[in-house]
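A.B. asks: Provided below: upload_9.tsv, containing TSV, C-alpha atoms and all ligand atoms.
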```tsv
chain	number	residue	atom	x	y	z
A	159	MET	CA	0.00	0.00	0.00
A	160	SER	CA	1.50	3.41	-0.91
A	161	THR	CA	1.65	6.36	1.52
A	162	PRO	CA	-0.72	9.25	0.57
A	163	SER	CA	1.37	12.12	-0.81
A	164	ASN	CA	0.18	14.65	1.85
A	165	VAL	CA	1.38	12.47	4.78
A	166	PRO	CA	5.05	13.12	5.56
A	167	ALA	CA	7.07	9.90	5.28
A	168	ILE	CA	8.26	8.69	8.66
A	169	THR	CA	12.04	8.29	8.82
A	170	PRO	CA	14.44	6.98	11.48
A	171	ASP	CA	16.43	10.24	11.25
A	172	PRO	CA	15.46	11.64	14.70
A	173	ILE	CA	16.41	8.36	16.36
A	174	LEU	CA	19.71	8.09	14.47
A	175	LYS	CA	20.52	11.70	15.32
A	176	LEU	CA	19.91	10.98	19.02
A	177	GLY	CA	22.04	7.84	18.87
A	178	THR	CA	25.01	9.62	17.33
A	179	GLY	CA	24.89	12.24	20.10
A	180	PHE	CA	27.55	10.34	22.03
A	181	MET	CA	29.95	10.67	19.08
A	182	ALA	CA	29.44	14.43	18.90
A	183	ALA	CA	29.95	14.74	22.67
A	184	LYS	CA	33.11	12.62	22.67
A	185	HIS	CA	34.55	14.51	19.67
A	186	LEU	CA	33.98	17.75	21.58
A	187	PHE	CA	35.64	16.43	24.76
A	188	ALA	CA	38.60	15.08	22.76
A	189	ALA	CA	39.05	18.44	21.01
A	190	VAL	CA	39.11	20.18	24.41
A	191	GLU	CA	41.62	17.67	25.82
A	192	ILE	CA	43.84	17.99	22.74
A	193	GLY	CA	43.82	21.78	23.06
A	194	LEU	CA	42.24	22.47	19.66
A	195	PHE	CA	40.29	25.58	20.64
A	196	GLU	CA	43.30	27.39	22.13
A	197	ARG	CA	45.00	26.97	18.71
A	198	LEU	CA	42.04	28.26	16.69
A	199	THR	CA	41.67	31.75	18.13
A	200	GLN	CA	43.24	32.83	14.79
A	201	PRO	CA	42.62	31.14	11.40
A	202	ARG	CA	45.03	28.22	10.89
A	203	THR	CA	45.63	25.73	8.06
A	204	LEU	CA	45.60	22.01	8.77
A	205	ASP	CA	49.38	21.88	8.30
A	206	GLU	CA	49.86	24.64	10.89
A	207	LEU	CA	47.55	22.81	13.30
A	208	VAL	CA	49.38	19.51	12.78
A	209	ALA	CA	52.73	21.15	13.52
A	210	ASP	CA	51.34	22.97	16.54
A	211	LEU	CA	49.50	20.00	18.07
A	212	GLY	CA	52.21	17.44	17.20
A	213	MET	CA	49.50	15.05	15.99
A	214	PRO	CA	49.28	12.77	12.96
A	215	ARG	CA	47.76	14.66	10.00
A	216	ARG	CA	44.94	12.12	9.54
A	217	THR	CA	43.67	12.32	13.13
A	218	ALA	CA	44.11	16.10	13.42
A	219	ARG	CA	41.92	16.40	10.32
A	220	ILE	CA	39.30	14.00	11.76
A	221	CYS	CA	39.20	16.06	14.96
A	222	VAL	CA	38.88	19.51	13.38
A	223	ASP	CA	36.51	18.42	10.60
A	224	ALA	CA	34.15	16.87	13.18
A	225	MET	CA	34.10	20.21	15.00
A	226	VAL	CA	33.27	21.94	11.68
A	227	ALA	CA	30.50	19.39	11.05
A	228	VAL	CA	28.79	20.07	14.39
A	229	GLY	CA	29.16	23.85	13.99
A	230	VAL	CA	31.73	24.57	16.70
A	231	VAL	CA	34.61	25.46	14.33
A	232	ARG	CA	34.29	27.42	11.05
A	233	ARG	CA	36.21	26.60	7.90
A	234	ASP	CA	36.97	29.32	5.34
A	235	GLN	CA	38.87	28.04	2.28
A	236	ASP	CA	41.79	26.09	3.77
A	237	ARG	CA	41.74	27.77	7.19
A	238	TYR	CA	39.94	26.77	10.38
A	239	VAL	CA	38.90	29.16	13.15
A	240	ASN	CA	36.79	28.94	16.32
A	241	GLY	CA	33.08	29.68	15.96
A	242	SER	CA	31.84	32.41	18.28
A	243	GLU	CA	30.74	30.00	21.09
A	244	ALA	CA	34.04	28.07	21.01
A	245	GLN	CA	35.94	31.36	21.09
A	246	ALA	CA	33.90	32.61	24.07
A	247	PHE	CA	33.74	29.42	26.15
A	248	LEU	CA	36.42	26.93	25.05
A	249	SER	CA	39.48	28.94	24.04
A	250	GLY	CA	40.43	30.04	27.56
A	251	GLN	CA	40.14	33.66	26.47
A	252	GLY	CA	36.48	34.39	27.16
A	253	PRO	CA	34.85	35.51	30.44
A	254	THR	CA	33.57	31.97	31.17
A	255	ASP	CA	35.81	28.93	30.72
A	256	LEU	CA	33.85	25.74	30.04
A	257	ARG	CA	36.94	23.56	29.58
A	258	PRO	CA	36.85	22.32	33.23
A	259	TRP	CA	33.24	21.19	32.61
A	260	ALA	CA	34.28	19.28	29.45
A	261	ARG	CA	37.18	17.62	31.31
A	262	PHE	CA	34.90	16.61	34.19
A	263	TRP	CA	32.34	15.04	31.83
A	264	ASN	CA	35.09	13.38	29.77
A	265	ARG	CA	37.18	11.96	32.60
A	266	ILE	CA	34.54	11.21	35.27
A	267	SER	CA	31.03	11.14	33.77
A	268	TYR	CA	31.59	9.63	30.33
A	269	GLY	CA	32.98	6.32	31.62
A	270	ALA	CA	30.33	6.10	34.35
A	271	TRP	CA	27.52	6.48	31.78
A	272	GLN	CA	28.62	3.17	30.21
A	273	ASP	CA	26.81	1.58	33.15
A	274	LEU	CA	23.59	3.59	32.90
A	275	ASP	CA	21.59	0.57	31.70
A	276	GLN	CA	22.80	-1.53	34.64
A	277	THR	CA	22.07	1.34	37.04
A	278	LEU	CA	18.56	1.87	35.68
A	279	ARG	CA	17.77	-1.85	35.74
A	280	THR	CA	18.92	-2.41	39.31
A	281	GLY	CA	18.40	1.02	40.88
A	282	VAL	CA	21.92	0.66	42.27
A	283	PRO	CA	24.26	3.45	41.15
A	284	ALA	CA	27.19	1.82	39.37
A	285	HIS	CA	29.70	4.46	40.44
A	286	ALA	CA	28.46	6.06	43.68
A	287	SER	CA	30.82	4.11	45.89
A	288	ARG	CA	33.86	4.97	43.79
A	289	LYS	CA	36.26	7.02	45.90
A	290	LEU	CA	37.54	10.03	43.99
A	291	THR	CA	41.27	10.70	44.06
A	292	PRO	CA	42.29	14.23	45.15
A	293	GLU	CA	42.90	15.04	41.44
A	294	GLN	CA	39.39	13.82	40.55
A	295	GLU	CA	37.89	15.81	43.46
A	296	GLU	CA	39.52	18.92	42.01
A	297	LEU	CA	38.39	18.06	38.48
A	298	PHE	CA	34.84	17.50	39.76
A	299	SER	CA	34.65	20.72	41.78
A	300	LYS	CA	36.12	22.87	39.01
A	301	GLY	CA	33.81	21.19	36.48
A	302	VAL	CA	30.72	21.86	38.61
A	303	ALA	CA	31.82	25.49	39.12
A	304	ALA	CA	32.16	25.89	35.33
A	305	ILE	CA	28.69	24.45	34.65
A	306	THR	CA	27.03	26.53	37.35
A	307	ALA	CA	28.90	29.80	36.63
A	308	GLY	CA	26.08	31.12	34.41
A	309	GLY	CA	23.50	30.45	37.13
A	310	ALA	CA	25.75	31.96	39.80
A	311	ASN	CA	26.21	35.20	37.85
A	312	ALA	CA	22.50	35.39	37.02
A	313	LEU	CA	21.48	34.90	40.68
A	314	ALA	CA	23.87	37.65	41.86
A	315	THR	CA	22.20	40.14	39.51
A	316	LYS	CA	18.57	38.95	39.45
A	317	TYR	CA	17.99	38.40	43.18
A	318	ASP	CA	17.89	41.52	45.39
A	319	LEU	CA	20.85	40.88	47.70
A	320	SER	CA	20.79	44.43	49.09
A	321	ARG	CA	18.13	43.34	51.63
A	322	HIS	CA	20.57	40.87	53.27
A	323	GLU	CA	23.47	41.11	55.73
A	324	ARG	CA	25.01	37.64	55.72
A	325	VAL	CA	24.64	34.66	53.38
A	326	LEU	CA	25.33	30.98	54.14
A	327	ASP	CA	26.09	28.77	51.13
A	328	LEU	CA	25.42	25.15	52.13
A	329	GLY	CA	27.22	22.58	49.95
A	330	GLY	CA	28.73	25.63	48.29
A	331	GLY	CA	31.43	23.75	46.36
A	332	THR	CA	34.44	25.93	45.77
A	333	GLY	CA	32.45	29.15	46.28
A	334	SER	CA	31.44	30.18	42.78
A	335	PHE	CA	28.00	31.41	43.88
A	336	LEU	CA	29.49	33.39	46.79
A	337	THR	CA	32.20	34.86	44.58
A	338	ALA	CA	29.56	36.18	42.17
A	339	MET	CA	27.42	37.52	45.04
A	340	LEU	CA	30.37	39.31	46.68
A	341	ALA	CA	31.45	40.84	43.38
A	342	ALA	CA	27.95	42.36	43.07
A	343	HIS	CA	27.54	43.21	46.81
A	344	PRO	CA	30.97	43.50	48.46
A	345	ARG	CA	29.54	44.47	51.88
A	346	LEU	CA	27.67	41.14	52.23
A	347	GLY	CA	29.05	38.75	54.87
A	348	ALA	CA	29.50	35.18	53.62
A	349	THR	CA	29.93	31.65	54.99
A	350	LEU	CA	30.68	28.56	52.92
A	351	PHE	CA	29.71	25.18	54.41
A	352	GLU	CA	31.23	22.06	52.85
A	353	LEU	CA	32.53	18.54	53.39
A	354	PRO	CA	36.24	18.43	54.35
A	355	ALA	CA	37.87	17.68	50.96
A	356	THR	CA	35.86	20.33	49.09
A	357	ALA	CA	36.26	22.85	51.93
A	358	GLU	CA	40.03	22.44	51.64
A	359	LEU	CA	39.92	23.02	47.89
A	360	ALA	CA	37.58	26.02	48.36
A	361	ARG	CA	40.13	27.54	50.75
A	362	LYS	CA	42.83	27.34	48.03
A	363	ILE	CA	40.61	28.63	45.22
A	364	LEU	CA	38.96	31.45	47.18
A	365	ALA	CA	42.38	32.71	48.33
A	366	GLY	CA	43.06	33.64	44.70
A	367	THR	CA	39.83	35.61	44.14
A	368	PRO	CA	39.26	39.33	44.87
A	369	HIS	CA	36.66	38.82	47.66
A	370	GLY	CA	37.64	35.28	48.73
A	371	SER	CA	39.32	36.35	51.98
A	372	LYS	CA	35.94	37.62	53.26
A	373	VAL	CA	34.40	34.14	53.07
A	374	GLN	CA	34.35	32.18	56.31
A	375	ILE	CA	34.71	28.48	55.55
A	376	VAL	CA	32.98	25.98	57.84
A	377	THR	CA	33.68	22.28	57.44
A	378	GLY	CA	30.66	20.11	58.15
A	379	ASP	CA	28.02	17.64	57.07
A	380	LEU	CA	24.48	18.78	56.28
A	381	PHE	CA	22.98	15.90	58.28
A	382	THR	CA	25.23	15.65	61.31
A	383	SER	CA	26.89	19.03	61.92
A	384	PRO	CA	25.16	22.10	63.36
A	385	ILE	CA	23.92	24.44	60.62
A	386	PRO	CA	25.74	27.75	61.24
A	387	THR	CA	23.47	30.46	62.66
A	388	GLY	CA	23.52	34.26	62.26
A	389	HIS	CA	22.55	34.36	58.57
A	390	ASP	CA	19.53	36.02	56.99
A	391	LEU	CA	20.00	34.25	53.66
A	392	VAL	CA	20.75	30.56	53.01
A	393	LEU	CA	21.65	29.19	49.59
A	394	LEU	CA	21.40	25.55	48.57
A	395	ALA	CA	22.61	25.46	44.97
A	396	ASN	CA	22.57	22.14	43.13
A	397	VAL	CA	22.38	20.24	46.39
A	398	VAL	CA	18.81	18.86	46.49
A	399	HIS	CA	19.49	16.76	43.37
A	400	TYR	CA	22.02	14.81	45.49
A	401	PHE	CA	19.42	13.47	47.89
A	402	SER	CA	16.09	11.65	48.31
A	403	PRO	CA	12.90	13.66	49.05
A	404	ALA	CA	13.04	12.53	52.71
A	405	LYS	CA	16.64	13.72	53.08
A	406	ASN	CA	15.83	17.06	51.40
A	407	LEU	CA	13.01	17.61	53.87
A	408	GLU	CA	15.44	16.78	56.69
A	409	ILE	CA	17.96	19.33	55.37
A	410	LEU	CA	15.30	22.03	55.03
A	411	ARG	CA	14.01	21.39	58.57
A	412	ARG	CA	17.57	21.71	59.89
A	413	VAL	CA	18.02	24.92	57.88
A	414	ARG	CA	14.72	26.33	59.18
A	415	GLY	CA	15.90	25.60	62.74
A	416	ALA	CA	18.94	27.84	62.19
A	417	LEU	CA	16.94	30.80	60.84
A	418	ALA	CA	14.93	33.68	62.29
A	419	PRO	CA	11.47	34.43	60.81
A	420	ARG	CA	11.63	36.37	57.51
A	421	ALA	CA	15.09	35.03	56.67
A	422	ARG	CA	15.23	33.80	53.09
A	423	VAL	CA	16.21	30.46	51.55
A	424	LEU	CA	17.26	30.12	47.90
A	425	LEU	CA	17.01	26.68	46.27
A	426	VAL	CA	18.87	26.68	42.95
A	427	ASP	CA	18.46	23.58	40.80
A	428	PHE	CA	17.02	22.17	37.57
A	429	TRP	CA	13.42	22.63	38.75
A	430	MET	CA	11.29	20.38	36.56
A	431	ASN	CA	7.70	20.31	35.33
A	432	ALA	CA	5.27	17.90	37.01
A	433	PHE	CA	6.29	15.06	34.65
A	434	HIS	CA	10.07	15.56	35.14
A	435	SER	CA	10.40	15.98	31.35
A	436	GLU	CA	11.16	19.71	31.02
A	437	PRO	CA	13.69	21.27	30.92
A	438	VAL	CA	15.22	18.55	28.72
A	439	PHE	CA	18.70	19.15	30.18
A	440	GLY	CA	17.36	18.31	33.66
A	441	ALA	CA	15.65	15.12	32.45
A	442	LEU	CA	18.96	13.96	30.93
A	443	MET	CA	20.99	15.02	33.99
A	444	ALA	CA	18.85	12.66	36.07
A	445	GLY	CA	20.92	9.90	34.41
A	446	GLU	CA	24.13	11.54	35.61
A	447	PHE	CA	22.78	11.73	39.15
A	448	ALA	CA	21.58	8.09	38.93
A	449	VAL	CA	24.99	6.66	37.95
A	450	LEU	CA	27.09	8.82	40.27
A	451	LEU	CA	24.97	9.41	43.37
A	452	PRO	CA	23.26	6.94	45.75
A	453	GLU	CA	19.96	8.87	45.80
A	454	GLY	CA	20.39	11.53	43.11
A	455	ASP	CA	17.38	12.71	41.09
A	456	VAL	CA	15.69	15.77	39.62
A	457	TYR	CA	12.55	17.19	41.22
A	458	SER	CA	9.51	19.15	40.16
A	459	LEU	CA	8.74	22.61	41.41
A	460	ASP	CA	5.73	21.22	43.27
A	461	GLU	CA	7.92	18.69	45.09
A	462	GLY	CA	10.26	21.51	46.14
A	463	ARG	CA	7.34	23.68	47.29
A	464	GLY	CA	5.96	20.73	49.29
A	465	TRP	CA	9.24	20.23	51.20
A	466	LEU	CA	9.45	23.95	51.91
A	467	ALA	CA	5.92	24.05	53.35
A	468	ASP	CA	6.59	20.96	55.50
A	469	ALA	CA	9.79	22.55	56.83
A	470	GLY	CA	8.10	25.83	57.85
A	471	LEU	CA	9.24	27.86	54.85
A	472	ARG	CA	6.92	29.74	52.48
A	473	ALA	CA	7.72	29.60	48.74
A	474	LEU	CA	7.63	33.14	47.33
A	475	GLU	CA	8.66	33.01	43.68
A	476	LEU	CA	10.66	31.19	41.01
A	477	LEU	CA	13.50	33.18	39.44
A	478	PRO	CA	14.69	31.88	36.05
A	479	LEU	CA	18.51	31.97	36.02
A	480	ALA	CA	20.67	30.75	33.13
A	481	GLY	CA	19.62	27.91	30.79
A	482	PRO	CA	17.83	25.12	32.68
A	483	MET	CA	18.70	26.46	36.14
A	484	SER	CA	16.19	28.37	38.24
A	485	CYS	CA	15.89	29.54	41.84
A	486	LEU	CA	13.01	28.85	44.19
A	487	VAL	CA	12.89	31.75	46.68
A	488	ALA	CA	11.40	31.04	50.11
A	489	GLU	CA	10.97	32.79	53.45
A	490	ALA	CA	11.01	31.43	56.99
A	491	VAL	CA	7.56	31.71	58.61
A	501	LIG	C1	26.78	19.68	42.68
A	501	LIG	S1	27.77	20.33	43.94
A	501	LIG	C2	27.19	22.01	43.98
A	501	LIG	C3	28.24	22.97	44.39
A	501	LIG	C4	27.79	24.45	44.37
A	501	LIG	N1	26.71	24.68	45.28
A	501	LIG	C5	27.40	24.86	42.97
A	501	LIG	O1	26.20	24.87	42.67
A	501	LIG	O2	28.29	25.15	42.15
A	501	LIG	C6	27.09	19.68	45.42
A	501	LIG	C7	27.95	19.98	46.63
A	501	LIG	O3	27.32	19.46	47.81
A	501	LIG	C8	28.33	19.02	48.68
A	501	LIG	N2	27.75	18.02	49.61
A	501	LIG	C9	27.27	16.80	49.31
A	501	LIG	N3	26.86	16.16	50.40
A	501	LIG	C10	27.08	17.00	51.44
A	501	LIG	C11	26.88	16.89	52.84
A	501	LIG	N4	26.35	15.79	53.39
A	501	LIG	N5	27.24	17.94	53.61
A	501	LIG	C12	27.80	19.05	53.06
A	501	LIG	N6	28.00	19.22	51.73
A	501	LIG	C13	27.66	18.19	50.93
A	501	LIG	C14	29.36	18.39	47.75
A	501	LIG	O4	30.64	18.33	48.36
A	501	LIG	C15	29.31	19.31	46.54
A	501	LIG	O5	30.30	20.30	46.57
```
How does this structure look as structure tokens?
Ligand SMILES: C[S@@+](CC[C@H](N)C(=O)[O-])C[C@H]1O[C@@H](n2cnc3c(N)ncnc32)[C@H](O)[C@@H]1O

C.D. replies:
Amino acid sequence: MSTPSNVPAITPDPILKLGTGFMAAKHLFAAVEIGLFERLTQPRTLDELVADLGMPRRTARICVDAMVAVGVVRRDQDRYVNGSEAQAFLSGQGPTDLRPWARFWNRISYGAWQDLDQTLRTGVPAHASRKLTPEQEELFSKGVAAITAGGANALATKYDLSRHERVLDLGGGTGSFLTAMLAAHPRLGATLFELPATAELARKILAGTPHGSKVQIVTGDLFTSPIPTGHDLVLLANVVHYFSPAKNLEILRRVRGALAPRARVLLVDFWMNAFHSEPVFGALMAGEFAVLLPEGDVYSLDEGRGWLADAGLRALELLPLAGPMSCLVAEAV
């Protein structure tokens, strides 16, 4: 039976495009690791690239042509040059450096994702018990800071920090949210609360930033250590996706116990729709959390609002930040 001419023919193209996504991602990570984008801030021929990278001609060409194919590098006659996004985010010369993110996903996440099917089938994260080496801890923290930099900068400008005296960043990583906040509001007091290995790294990294010396660093565990008091603003950025709903409620109750009425709580995450399908980035990241974290998941806005209400916090508004990241603003009642 023939298909009527006004019905578009169904093709496997969308499925094949999805399936080749891993090749595009791995080509991108390899190009970052090889140092391609640092070399293409000016137009270069393949021969110049080969000499500069010290790579075989065949594989240098495969690498750079793949980047042209996916639209990251431009080719004009016989010269290659970074496209505008690669120049801004991957060359090391723009305001935001995404290379630590690419290295984190290449060296830690990419291998772990090989076991996604096993993880999904069993519910047991294939890689959560893996102990990170100090080098991997650093790679992870710098990678997370690179991914969340856009959200951190957006929060510092979109949320009215002038109403606050002192902010506490719980699970604050190496301090990228606090650094952005202090750059916008230098008179704000700031405390970073982290597990020992990350706190140590934060100490080193913050020492090299303009406002880092103002940040008090407290080493502790969200479930067993006292939550520091004396703050009128608490930030939990990309922390709730680490834990189960019950644990998130426990954290929020502990946070509420350390706050005076009217103090604010900011929950930054990939807040999802009711079906956990939008934003798409969040739905895919749930796989990352599943393979790497014992209880990691993404949550809907309504789930977040429910925990807040149960913990004695009133949800006020949702601030869109950068890309898929948004901030649920709440107040202690
Ligand atoms: C995805 S990172 C987010 C870092 C930072 N807030 C950001 O958004 O860039 C989650 C952080 O939570 C910290 N964390 C996880 N479990 C914790 C716990 N039980 N107590 C304190 N911090 C914890 C981790 O060390 C990690 O730095």

A.B. asks: Residues within 10 Å of ligand LIG 501 (chain A) should be enumerated using all atoms listed in the file and returned as a ChimeraX atom specification.

C.D. replies: /A:295,298-307,309-310,327-336,350-357,360,376-383,393-401,405,409,425-427,447,451

A.B. asks: For the residues in the current selection, export C-alpha atoms as an mmCIF file, keeping the file's coordinate frame.

C.D. replies:
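Contents of the output file out.cif:
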```cif
data_model
loop_
_atom_site.group_PDB
_atom_site.id
_atom_site.type_symbol
_atom_site.label_atom_id
_atom_site.label_comp_id
_atom_site.auth_asym_id
_atom_site.auth_seq_id
_atom_site.Cartn_x
_atom_site.Cartn_y
_atom_site.Cartn_z
ATOM 1 C CA GLU A 295 37.890 15.810 43.460
ATOM 2 C CA PHE A 298 34.840 17.500 39.760
ATOM 3 C CA SER A 299 34.650 20.720 41.780
ATOM 4 C CA LYS A 300 36.120 22.870 39.010
ATOM 5 C CA GLY A 301 33.810 21.190 36.480
ATOM 6 C CA VAL A 302 30.720 21.860 38.610
ATOM 7 C CA ALA A 303 31.820 25.490 39.120
ATOM 8 C CA ALA A 304 32.160 25.890 35.330
ATOM 9 C CA ILE A 305 28.690 24.450 34.650
ATOM 10 C CA THR A 306 27.030 26.530 37.350
ATOM 11 C CA ALA A 307 28.900 29.800 36.630
ATOM 12 C CA GLY A 309 23.500 30.450 37.130
ATOM 13 C CA ALA A 310 25.750 31.960 39.800
ATOM 14 C CA ASP A 327 26.090 28.770 51.130
ATOM 15 C CA LEU A 328 25.420 25.150 52.130
ATOM 16 C CA GLY A 329 27.220 22.580 49.950
ATOM 17 C CA GLY A 330 28.730 25.630 48.290
ATOM 18 C CA GLY A 331 31.430 23.750 46.360
ATOM 19 C CA THR A 332 34.440 25.930 45.770
ATOM 20 C CA GLY A 333 32.450 29.150 46.280
ATOM 21 C CA SER A 334 31.440 30.180 42.780
ATOM 22 C CA PHE A 335 28.000 31.410 43.880
ATOM 23 C CA LEU A 336 29.490 33.390 46.790
ATOM 24 C CA LEU A 350 30.680 28.560 52.920
ATOM 25 C CA PHE A 351 29.710 25.180 54.410
ATOM 26 C CA GLU A 352 31.230 22.060 52.850
ATOM 27 C CA LEU A 353 32.530 18.540 53.390
ATOM 28 C CA PRO A 354 36.240 18.430 54.350
ATOM 29 C CA ALA A 355 37.870 17.680 50.960
ATOM 30 C CA THR A 356 35.860 20.330 49.090
ATOM 31 C CA ALA A 357 36.260 22.850 51.930
ATOM 32 C CA ALA A 360 37.580 26.020 48.360
ATOM 33 C CA VAL A 376 32.980 25.980 57.840
ATOM 34 C CA THR A 377 33.680 22.280 57.440
ATOM 35 C CA GLY A 378 30.660 20.110 58.150
ATOM 36 C CA ASP A 379 28.020 17.640 57.070
ATOM 37 C CA LEU A 380 24.480 18.780 56.280
ATOM 38 C CA PHE A 381 22.980 15.900 58.280
ATOM 39 C CA THR A 382 25.230 15.650 61.310
ATOM 40 C CA SER A 383 26.890 19.030 61.920
ATOM 41 C CA LEU A 393 21.650 29.190 49.590
ATOM 42 C CA LEU A 394 21.400 25.550 48.570
ATOM 43 C CA ALA A 395 22.610 25.460 44.970
ATOM 44 C CA ASN A 396 22.570 22.140 43.130
ATOM 45 C CA VAL A 397 22.380 20.240 46.390
ATOM 46 C CA VAL A 398 18.810 18.860 46.490
ATOM 47 C CA HIS A 399 19.490 16.760 43.370
ATOM 48 C CA TYR A 400 22.020 14.810 45.490
ATOM 49 C CA PHE A 401 19.420 13.470 47.890
ATOM 50 C CA LYS A 405 16.640 13.720 53.080
ATOM 51 C CA ILE A 409 17.960 19.330 55.370
ATOM 52 C CA LEU A 425 17.010 26.680 46.270
ATOM 53 C CA VAL A 426 18.870 26.680 42.950
ATOM 54 C CA ASP A 427 18.460 23.580 40.800
ATOM 55 C CA PHE A 447 22.780 11.730 39.150
ATOM 56 C CA LEU A 451 24.970 9.410 43.370
#
```

A.B. asks: Quote the spacing between CA of Ala260 (chain A) and CA of Phe187 (chain A) in Å to one decimal place.

C.D. replies: 5.7 Å

A.B. asks: Do you have the CA of Thr254 (chain A)-CA of Ala341 (chain A) distance handy?

C.D. replies: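 Atom-to-atom, CA of Thr254 (chain A) to CA of Ala341 (chain A), that is 15.2 Å.
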
A.B. asks: Of the candidates A:Thr337, A:Arg345, A:Ser458, A:Glu408, which shows the shortest atom-to-atom distance to Ile363 (chain A), using only C-alpha atoms?

C.D. replies: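 Among the listed residues, the smallest separation from Ile363 (chain A) belongs to A:Thr337.
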
A.B. asks: How many Å lie between CA of Val239 (chain A) and CA of Ala189 (chain A), rounded to one decimal?

C.D. replies: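 Going from CA of Val239 (chain A) over to CA of Ala189 (chain A), I get 13.3 Å.
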
A.B. asks: Let me make sure I understand: among A:Ala444, A:Met483, A:Ala342, A:Ala167, which one has the smallest atom-to-atom distance to Leu274 (chain A) if we use only C-alpha atoms?

C.D. replies: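 Comparing A:Ala444, A:Met483, A:Ala342, A:Ala167 against Leu274 (chain A), the winner is A:Ala444.
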
A.B. asks: Show which residues sit within 9 Å of Leu198 (chain A), as a VMD selection string. Count all atoms listed in the file, and ignore same-chain residues fewer than 4 positions away.

C.D. replies: chain A and resid 194 202 207 231 238 to 240 245 249

A.B. asks: Please work out which residues fall within 9 Å of (8.8, 27.6, 45.3), coordinates as given in the file, with all atoms listed in the file counting, and return them as a list in words.

C.D. replies: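 Residues satisfying the cut-off, written out: Leu425, Leu459, Asp460, Glu461, Gly462, Arg463, Gly464, Leu466, Arg472, Ala473, Leu474, Glu475, Leu476, Cys485, Leu486, Val487 and Ala488 of chain A.
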
A.B. asks: If we count all atoms listed in the file, what is near Val456 (chain A) at a cut-off of 8 Å, once residues fewer than 6 positions away on the same chain are taken out, given as an MDAnalysis selection string?

C.D. replies: chainID A and resid 399 428:430 434 440:441 443:444

A.B. asks: With C-alpha atoms retained, export the selected residues as a PDB file, keeping the file's coordinate frame.

C.D. replies:
```pdb
ATOM      1  CA  HIS A 399      19.490  16.760  43.370  1.00  0.00           C
ATOM      2  CA  PHE A 428      17.020  22.170  37.570  1.00  0.00           C
ATOM      3  CA  TRP A 429      13.420  22.630  38.750  1.00  0.00           C
ATOM      4  CA  MET A 430      11.290  20.380  36.560  1.00  0.00           C
ATOM      5  CA  HIS A 434      10.070  15.560  35.140  1.00  0.00           C
ATOM      6  CA  GLY A 440      17.360  18.310  33.660  1.00  0.00           C
ATOM      7  CA  ALA A 441      15.650  15.120  32.450  1.00  0.00           C
ATOM      8  CA  MET A 443      20.990  15.020  33.990  1.00  0.00           C
ATOM      9  CA  ALA A 444      18.850  12.660  36.070  1.00  0.00           C
TER      10      ALA A 444
END
```

A.B. asks: List the neighbours of Pro283 (chain A) out to 9 Å using all atoms listed in the file; skip same-chain residues closer than 4 positions along the sequence, and give me the result as number ranges by chain.

C.D. replies: A: 273-274, 276-278, 287, 447-453

A.B. asks: Under the rule that only C-alpha atoms are counted, which of A:Tyr317, A:Ala284, A:Pro368, A:Glu196 is the nearest residue to Leu340 (chain A)?

C.D. replies: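 When distances to Leu340 (chain A) are compared using only C-alpha atoms, the smallest one comes from A:Pro368.
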
A.B. asks: Find the residues near Asp318 (chain A): any atom within 12 Å, counting only C-alpha atoms, skip ones fewer than 5 places away on the same chain, and give them as a VMD selection string.

C.D. replies: chain A and resid 312 to 313 323 339 342 to 343 346 391 422 424 477 487

A.B. asks: When distances are computed from only C-alpha atoms, which of A:Val373, A:Leu297, A:Leu204, A:Gly193 shows the smallest separation from Asp234 (chain A)?

C.D. replies: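 Smallest distance to Asp234 (chain A) is found for A:Leu204.
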
A.B. asks: Skipping near chain neighbours, those fewer than 4 positions away, what residues fall within 10 Å of Asp275 (chain A) using all atoms listed in the file, listed as a list in words?

C.D. replies: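 Close residues of Asp275 (chain A): Trp271, Arg279, Thr280, Gly281, Ala284, Gly445 and Val449 of chain A.
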
A.B. asks: Show me, as CSV, the residues of region 252-277 of chain A having an atom within 12 Å of region 174-180 of chain A, each with the closest atom pair and its distance in Å, using all atoms listed in the file.

C.D. replies:
```
residue,atom,partner,partner_atom,distance
A:Trp263,CA,A:Phe180,CA,11.9
A:Asn264,CA,A:Phe180,CA,11.2
A:Tyr268,CA,A:Phe180,CA,9.3
A:Gly269,CA,A:Phe180,CA,11.7
A:Trp271,CA,A:Phe180,CA,10.5
A:Gln272,CA,A:Phe180,CA,10.9
```

A.B. asks: Would you mind completing region 476-481 of chain A to N, CA and C atoms and writing the output as a short mmCIF file (atom, residue, chain, number, x, y, z; two decimals), in the frame of the given file?

C.D. replies:
```cif
data_model
loop_
_atom_site.label_atom_id
_atom_site.label_comp_id
_atom_site.auth_asym_id
_atom_site.auth_seq_id
_atom_site.Cartn_x
_atom_site.Cartn_y
_atom_site.Cartn_z
N LEU A 476 9.63 31.94 41.74
CA LEU A 476 10.66 31.19 41.01
C LEU A 476 11.38 32.18 40.10
N LEU A 477 12.70 32.28 40.29
CA LEU A 477 13.50 33.18 39.44
C LEU A 477 14.19 32.35 38.36
N PRO A 478 13.91 32.58 37.07
CA PRO A 478 14.69 31.88 36.05
C PRO A 478 16.13 32.40 36.09
N LEU A 479 17.11 31.51 36.01
CA LEU A 479 18.51 31.97 36.02
C LEU A 479 19.07 31.80 34.62
N ALA A 480 20.08 30.93 34.46
CA ALA A 480 20.67 30.75 33.13
C ALA A 480 20.30 29.35 32.64
N GLY A 481 19.94 29.22 31.37
CA GLY A 481 19.62 27.91 30.79
C GLY A 481 18.57 27.19 31.62
#
```
